[in-house]
Amino acid sequence: MESLDLYRTLCDQDAIVEIIFSCKRLKHLNLGSCVNINNFDEVMSIIADNCSETIESLDLWRAYSLTQYGLSKIALSCFKLKELDIGWW
């Protein structure tokens, strides 16, 4: 799978982590307004460790638990990233 749009779903953090581990060729991931993700920093760390060679766009709109730690993991690892939405952060 290369593209996954989970915008405004009730998908929780454990499910997202399993998806990332299973889909290491993800290019586009939309986690905008996913209110059941409690630790976006952990999710960003897992993306950086597993999809850094492929991820091109991330939508993290309303990712309230995201901090500079999660953003720095992405910035330092995901060199193919072209689009990043952190609106209402």
# chains A, B, ... in the order shown; residues from 1 in each chain; ligands from 1

$ residues_around --residues "A:Ile37" --least-positions-apart "2" --cutoff "9 Å" --atoms "only C-alpha atoms" --output "VMD selection string"
chain A and resid 10 to 14 16 31 34 to 35 39 to 40 43 63 65

$ residues_around --residues "A:Leu66" --least-positions-apart "2" --cutoff "8 Å" --atoms "only C-alpha atoms" --output "PyMOL selection string"
chain A and resi 39-41+63-64+68-71+89

$ closest_residue --among "A:Lys80, A:Arg62, A:Arg8, A:Lys73" --to "A:Glu42" --atoms "only C-alpha atoms"
A:Lys73

$ closest_residue --among "A:Asn38, A:Asn30, A:Phe21, A:Cys78" --to "A:Asn50" --atoms "only C-alpha atoms"
A:Phe21

$ atom_distance --atom1 "atom CA of A:Glu83" --atom2 "atom CA of A:Thr9"
20.8 Å

$ select_by_dssp --residues "chain A" --states "strand (DSSP E or B)" --output "PyMOL selection string"
chain A and resi 3-5+28-30+57-59+83-85

$ closest_residue --among "A:Asp5, A:Leu60, A:Ile47, A:Asn36" --to "A:Ile20" --atoms "only C-alpha atoms"
A:Ile47

$ closest_residue --among "A:Ser77, A:Thr67, A:Ser22, A:Ser72" --to "A:Asp49" --atoms "only C-alpha atoms"
A:Ser77

$ select_by_dssp --residues "stretch 35-81 of chain A" --states "helix (DSSP H, G or I)" --output "list of chain:residue names"
A:Phe40, A:Asp41, A:Glu42, A:Val43, A:Met44, A:Ser45, A:Ile46, A:Ile47, A:Ala48, A:Asp49, A:Asn50, A:Gln68, A:Tyr69, A:Gly70, A:Leu71, A:Ser72, A:Lys73, A:Ile74, A:Ala75, A:Leu76, A:Ser77

$ residues_around --residues "A:Leu4" --least-positions-apart "2" --cutoff "8 Å" --atoms "only C-alpha atoms" --output "list in words"
Met1, Glu2, Leu6, Leu26, His28, Leu29 and Asn30 of chain A

$ atom_distance --atom1 "atom CA of A:Gly87" --atom2 "atom CA of A:Ser45"
19.5 Å

$ atom_distance --atom1 "atom CA of A:Glu53" --atom2 "atom CA of A:Trp88"
27.1 Å

$ closest_residue --among "A:Cys23, A:Tyr7, A:Gly32, A:Ile55" --to "A:Asp85" --atoms "only C-alpha atoms"
A:Gly32

$ residues_around --residues "A:Phe79" --least-positions-apart "4" --cutoff "10 Å" --atoms "only C-alpha atoms" --output "PDB file with N, CA and C atoms, in the first residue's frame"
ATOM      1  N   ALA A  48       9.469   7.381  11.047  1.00  0.00           N
ATOM      2  CA  ALA A  48      10.866   7.698  10.741  1.00  0.00           C
ATOM      3  C   ALA A  48      11.724   6.435  10.685  1.00  0.00           C
ATOM      4  N   SER A  52      11.050   5.929   6.286  1.00  0.00           N
ATOM      5  CA  SER A  52      11.842   7.121   5.959  1.00  0.00           C
ATOM      6  C   SER A  52      12.281   7.162   4.502  1.00  0.00           C
ATOM      7  N   GLU A  53      12.407   6.021   3.873  1.00  0.00           N
ATOM      8  CA  GLU A  53      12.853   5.964   2.479  1.00  0.00           C
ATOM      9  C   GLU A  53      11.725   6.229   1.484  1.00  0.00           C
ATOM     10  N   THR A  54      10.468   6.191   1.943  1.00  0.00           N
ATOM     11  CA  THR A  54       9.349   6.281   1.005  1.00  0.00           C
ATOM     12  C   THR A  54       8.375   7.417   1.271  1.00  0.00           C
ATOM     13  N   ILE A  55       8.198   7.822   2.520  1.00  0.00           N
ATOM     14  CA  ILE A  55       7.121   8.763   2.852  1.00  0.00           C
ATOM     15  C   ILE A  55       7.343  10.119   2.173  1.00  0.00           C
ATOM     16  N   GLU A  56       6.295  10.580   1.456  1.00  0.00           N
ATOM     17  CA  GLU A  56       6.365  11.845   0.720  1.00  0.00           C
ATOM     18  C   GLU A  56       5.406  12.894   1.264  1.00  0.00           C
ATOM     19  N   ILE A  74      10.896  13.256  12.162  1.00  0.00           N
ATOM     20  CA  ILE A  74      10.516  13.256  10.755  1.00  0.00           C
ATOM     21  C   ILE A  74      11.507  14.079   9.935  1.00  0.00           C
ATOM     22  N   ALA A  75      11.834  15.260  10.423  1.00  0.00           N
ATOM     23  CA  ALA A  75      12.726  16.159   9.681  1.00  0.00           C
ATOM     24  C   ALA A  75      14.115  15.569   9.486  1.00  0.00           C
TER      25      ALA A  75
END

$ closest_residue --among "A:Ile46, A:Leu84, A:Ala15, A:Leu76" --to "A:Asp59" --atoms "only C-alpha atoms"
A:Leu84
